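Written out below as structure tokens is the structure these notes cover.
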Amino acid sequence: MRTIDKRLNAKLAPVLVKRAPTLTLAYDERCKSRLAARLDTGEDVGVVLPRGTVLRDGDMLVADDGGLVRVIAAAQNVLRVRAHDRLTLTRAAYHLGNRHTPVEVGVDELKLEADPVLEDMLKRLGAQVERAELPFQPESGAYGGGHRHGHDATFAEDYALAQRVYGEHHGHDHAHDHGHDHGHAHAHDHAHDHSHDHGDDHNHDHNHDHECGHDHGHCDGHAHDHSHEHR
């Protein structure tokens with residue numbers, strides 16, 4: 001069985017693209033970096049791509065024997081979302097994005113995988129929702145990935161990259177772990193044992209236990225416990 005392990009970024013001659021066997025996959029399958037699949041010719045293949053890869057309609061892949069394969073986005077059950085005005089459609093897009101829902105953005109419509117809960121939400125917002133069988137090609141992640149949900153691996157990668165971009169634009173990374181406690185919680189235990197034997201011979205036993213939860217070289221707001229025993 002052949003293994004498909006590369007995606008081509010270079011532009012190929014149209015004749016090579018046309019001759020290449022096709023691999024038709026739904027969106028969920030195109031998000032998997034490890035996949036047992038079947039070409040439209042009937043040949044079984046293994047897909048082994050870098051983690052986080054999201055294939056798109058028209059992508060050209062290379063098998064381990066050098067053969068080319070063209071990806072086709074399969075028709076699947078989707079919701080087409082339209083509205084009478086731009087504001088309603090914008091609000092629909094906002095609420096879908098707030099739930100990390102993959103959305104394909106068109107000029108005057110949104111498209112997402114069929115989901116009865118989201119369908120009800122969209123209708124309550126005033127949007128027009130229609131079920132259809134169409135290829136689904138959602139937006140890629142803003143920083144190059146194709147994250148799907150807030151808990152998956154590519155979301156974490158996108159978030160980490162976003163943090164790096166933020167740090168580059170601000171000169172440093174603010175994701176520091178500050179181990180400073182500015183409450184100056186200092187505890188001083190002063191135990192004085194004064195023994196007076198009819199004279200001025202004082203035996204002072206001082207036990208100073210200083211705990212400073214701060215490393216700035218000074219201790220403020222000291223709490224002193226003075227225990228004096230006179231005999």
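Naming works like this for the structure tokens: A, B, ... for the chains as they're shown, residue 1 at the start of each chain, ligands 1 onward in shown order.
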
Give me, as JSON lines, the closest atom pair and its distance (Å, one decimal) for every residue of range 64-129 of chain A within a cut-off of 12 Å of range 27-50 of chain A, counting only C-alpha atoms, rows sorted by chain and rising number.
{"residue": "A:Asp64", "atom": "CA", "partner": "A:Gly46", "partner_atom": "CA", "distance": 10.2}
{"residue": "A:Asp65", "atom": "CA", "partner": "A:Val45", "partner_atom": "CA", "distance": 11.8}
{"residue": "A:Gly67", "atom": "CA", "partner": "A:Val45", "partner_atom": "CA", "distance": 11.8}
{"residue": "A:Leu68", "atom": "CA", "partner": "A:Leu39", "partner_atom": "CA", "distance": 11.4}
{"residue": "A:Val69", "atom": "CA", "partner": "A:Leu39", "partner_atom": "CA", "distance": 8.4}
{"residue": "A:Arg70", "atom": "CA", "partner": "A:Leu39", "partner_atom": "CA", "distance": 9.5}
{"residue": "A:Val71", "atom": "CA", "partner": "A:Arg30", "partner_atom": "CA", "distance": 8.9}
{"residue": "A:Ile72", "atom": "CA", "partner": "A:Arg30", "partner_atom": "CA", "distance": 9.6}
{"residue": "A:Ala73", "atom": "CA", "partner": "A:Tyr27", "partner_atom": "CA", "distance": 7.0}
{"residue": "A:Ala74", "atom": "CA", "partner": "A:Tyr27", "partner_atom": "CA", "distance": 7.6}
{"residue": "A:Ala75", "atom": "CA", "partner": "A:Tyr27", "partner_atom": "CA", "distance": 9.2}
{"residue": "A:Gln76", "atom": "CA", "partner": "A:Tyr27", "partner_atom": "CA", "distance": 8.4}
{"residue": "A:Asn77", "atom": "CA", "partner": "A:Tyr27", "partner_atom": "CA", "distance": 10.7}
{"residue": "A:Val78", "atom": "CA", "partner": "A:Tyr27", "partner_atom": "CA", "distance": 10.8}
{"residue": "A:Pro102", "atom": "CA", "partner": "A:Tyr27", "partner_atom": "CA", "distance": 9.9}
{"residue": "A:Val103", "atom": "CA", "partner": "A:Tyr27", "partner_atom": "CA", "distance": 11.3}
{"residue": "A:Glu104", "atom": "CA", "partner": "A:Tyr27", "partner_atom": "CA", "distance": 11.3}
{"residue": "A:Leu112", "atom": "CA", "partner": "A:Tyr27", "partner_atom": "CA", "distance": 10.5}
{"residue": "A:Glu113", "atom": "CA", "partner": "A:Tyr27", "partner_atom": "CA", "distance": 8.9}

For those residues, write all heavy atoms to a file as a compact mmCIF listing (two decimals), in the first residue's frame.
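Ended up saving to again-v3.txt:
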# COMPACT_ATOMS: atom_id res chain seq x y z
N ASP A 64 4.80 8.13 -1.62
CA ASP A 64 6.20 7.74 -1.41
C ASP A 64 6.87 7.22 -2.68
O ASP A 64 8.09 7.10 -2.74
CB ASP A 64 6.30 6.70 -0.30
CG ASP A 64 5.37 5.51 -0.50
OD1 ASP A 64 4.68 5.46 -1.55
OD2 ASP A 64 5.32 4.64 0.39
N ASP A 65 6.08 6.90 -3.72
CA ASP A 65 6.66 6.47 -5.00
C ASP A 65 6.77 7.63 -5.99
O ASP A 65 7.11 7.44 -7.15
CB ASP A 65 5.84 5.34 -5.61
CG ASP A 65 4.42 5.76 -5.98
OD1 ASP A 65 4.02 6.89 -5.62
OD2 ASP A 65 3.71 4.96 -6.62
N GLY A 67 4.25 9.52 -7.01
CA GLY A 67 2.98 9.77 -7.69
C GLY A 67 2.20 10.92 -7.07
O GLY A 67 2.29 11.18 -5.86
N LEU A 68 1.42 11.61 -7.90
CA LEU A 68 0.63 12.76 -7.45
C LEU A 68 -0.80 12.34 -7.14
O LEU A 68 -1.34 11.42 -7.77
CB LEU A 68 0.62 13.85 -8.53
CG LEU A 68 1.96 14.48 -8.90
CD1 LEU A 68 1.77 15.44 -10.06
CD2 LEU A 68 2.57 15.19 -7.70
N VAL A 69 -1.42 13.04 -6.18
CA VAL A 69 -2.82 12.81 -5.81
C VAL A 69 -3.45 14.17 -5.56
O VAL A 69 -2.87 15.02 -4.88
CB VAL A 69 -2.94 11.94 -4.55
CG1 VAL A 69 -4.40 11.85 -4.10
CG2 VAL A 69 -2.38 10.55 -4.80
N ARG A 70 -4.65 14.38 -6.11
CA ARG A 70 -5.35 15.66 -5.92
C ARG A 70 -6.50 15.50 -4.94
O ARG A 70 -7.30 14.57 -5.05
CB ARG A 70 -5.87 16.20 -7.27
CG ARG A 70 -6.66 17.49 -7.15
CD ARG A 70 -6.82 18.15 -8.53
NE ARG A 70 -7.40 17.27 -9.51
CZ ARG A 70 -8.71 17.19 -9.79
NH1 ARG A 70 -9.58 17.95 -9.12
NH2 ARG A 70 -9.15 16.37 -10.74
N VAL A 71 -6.59 16.42 -3.99
CA VAL A 71 -7.64 16.37 -2.96
C VAL A 71 -8.91 17.04 -3.46
O VAL A 71 -8.87 18.12 -4.06
CB VAL A 71 -7.16 17.08 -1.67
CG1 VAL A 71 -8.28 17.13 -0.63
CG2 VAL A 71 -5.94 16.38 -1.10
N ILE A 72 -10.05 16.40 -3.19
CA ILE A 72 -11.35 16.98 -3.50
C ILE A 72 -12.18 17.02 -2.22
O ILE A 72 -12.25 16.04 -1.48
CB ILE A 72 -12.10 16.14 -4.57
CG1 ILE A 72 -11.36 16.20 -5.90
CG2 ILE A 72 -13.54 16.63 -4.74
CD1 ILE A 72 -12.01 15.37 -7.01
N ALA A 73 -12.78 18.17 -1.96
CA ALA A 73 -13.65 18.31 -0.79
C ALA A 73 -14.98 17.64 -1.09
O ALA A 73 -15.68 18.01 -2.03
CB ALA A 73 -13.85 19.79 -0.46
N ALA A 74 -15.33 16.66 -0.27
CA ALA A 74 -16.57 15.91 -0.50
C ALA A 74 -17.79 16.73 -0.12
O ALA A 74 -17.75 17.58 0.78
CB ALA A 74 -16.55 14.63 0.33
N ALA A 75 -18.90 16.49 -0.81
CA ALA A 75 -20.17 17.11 -0.42
C ALA A 75 -20.62 16.49 0.89
O ALA A 75 -20.49 15.28 1.10
CB ALA A 75 -21.22 16.88 -1.51
N GLN A 76 -21.11 17.31 1.80
CA GLN A 76 -21.55 16.82 3.11
C GLN A 76 -22.71 17.66 3.61
O GLN A 76 -23.05 18.70 3.04
CB GLN A 76 -20.38 16.85 4.10
CG GLN A 76 -19.78 18.21 4.33
CD GLN A 76 -18.54 18.16 5.22
OE1 GLN A 76 -17.42 18.04 4.72
NE2 GLN A 76 -18.75 18.23 6.53
N ASN A 77 -23.31 17.22 4.69
CA ASN A 77 -24.48 17.89 5.25
C ASN A 77 -24.04 19.19 5.93
O ASN A 77 -23.33 19.15 6.94
CB ASN A 77 -25.17 16.96 6.25
CG ASN A 77 -26.53 17.46 6.65
OD1 ASN A 77 -27.08 18.38 6.04
ND2 ASN A 77 -27.10 16.87 7.70
N VAL A 78 -24.48 20.32 5.40
CA VAL A 78 -24.09 21.62 5.94
C VAL A 78 -25.31 22.51 6.13
O VAL A 78 -26.40 22.22 5.63
CB VAL A 78 -23.09 22.34 5.00
CG1 VAL A 78 -21.80 21.54 4.85
CG2 VAL A 78 -23.72 22.63 3.64
N PRO A 102 -16.04 25.97 13.06
CA PRO A 102 -15.51 26.17 11.71
C PRO A 102 -16.59 26.75 10.81
O PRO A 102 -17.70 26.22 10.74
CB PRO A 102 -15.10 24.77 11.27
CG PRO A 102 -15.01 23.97 12.53
CD PRO A 102 -16.01 24.55 13.47
N VAL A 103 -16.27 27.83 10.10
CA VAL A 103 -17.26 28.50 9.25
C VAL A 103 -16.62 28.83 7.90
O VAL A 103 -15.49 29.34 7.85
CB VAL A 103 -17.77 29.80 9.91
CG1 VAL A 103 -18.68 30.57 8.95
CG2 VAL A 103 -18.51 29.49 11.20
N GLU A 104 -17.34 28.55 6.85
CA GLU A 104 -16.93 28.99 5.51
C GLU A 104 -17.65 30.31 5.24
O GLU A 104 -18.88 30.39 5.30
CB GLU A 104 -17.32 27.94 4.46
CG GLU A 104 -16.90 28.32 3.05
CD GLU A 104 -17.21 27.23 2.03
OE1 GLU A 104 -17.38 26.06 2.45
OE2 GLU A 104 -17.29 27.56 0.82
N LEU A 112 -21.64 26.11 7.56
CA LEU A 112 -21.05 25.34 8.63
C LEU A 112 -21.60 23.92 8.63
O LEU A 112 -22.64 23.66 8.00
CB LEU A 112 -21.32 25.99 9.99
CG LEU A 112 -22.79 26.10 10.42
CD1 LEU A 112 -22.94 25.89 11.91
CD2 LEU A 112 -23.32 27.51 10.07
N GLU A 113 -20.92 23.02 9.31
CA GLU A 113 -21.40 21.64 9.40
C GLU A 113 -22.74 21.62 10.13
O GLU A 113 -22.95 22.37 11.09
CB GLU A 113 -20.38 20.78 10.14
CG GLU A 113 -19.10 20.55 9.36
CD GLU A 113 -18.08 19.72 10.13
OE1 GLU A 113 -17.69 20.16 11.22
OE2 GLU A 113 -17.70 18.64 9.64

Tell me, which residues of range 71-107 of chain A carry DSSP helix (DSSP H, G or I), written as a ChimeraX atom specification? /A:86-98

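Proximity of A:Pro116, A:Gly58, A:Gly52, A:Pro135 to Val17 in chain A, computed with only C-alpha atoms, is greatest for A:Gly58.
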
May I ask which of the residues A:Met121, A:Val62, A:Leu79, A:Ala26 is the closest one to Ala10 in chain A, counting only C-alpha atoms? A:Val62

Tell me, in Å to one decimal, how far CA of Met60 in chain A is from CA of Phe136 in chain A.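 Rounded to one decimal, the two atoms are 17.8 Å apart.
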
Using only C-alpha atoms, find the one residue out of A:Thr53, A:Gln128, A:Thr101, A:Gln137 that sits nearest to Asp5 in chain A. A:Thr53

Can you list, as a VMD selection string, every protein, DNA or RNA residue that comes within 10 Å of Gly66 in chain A when you count only C-alpha atoms, leaving out same-chain residues fewer than 4 positions away? chain A and resid 4 6 61 to 62
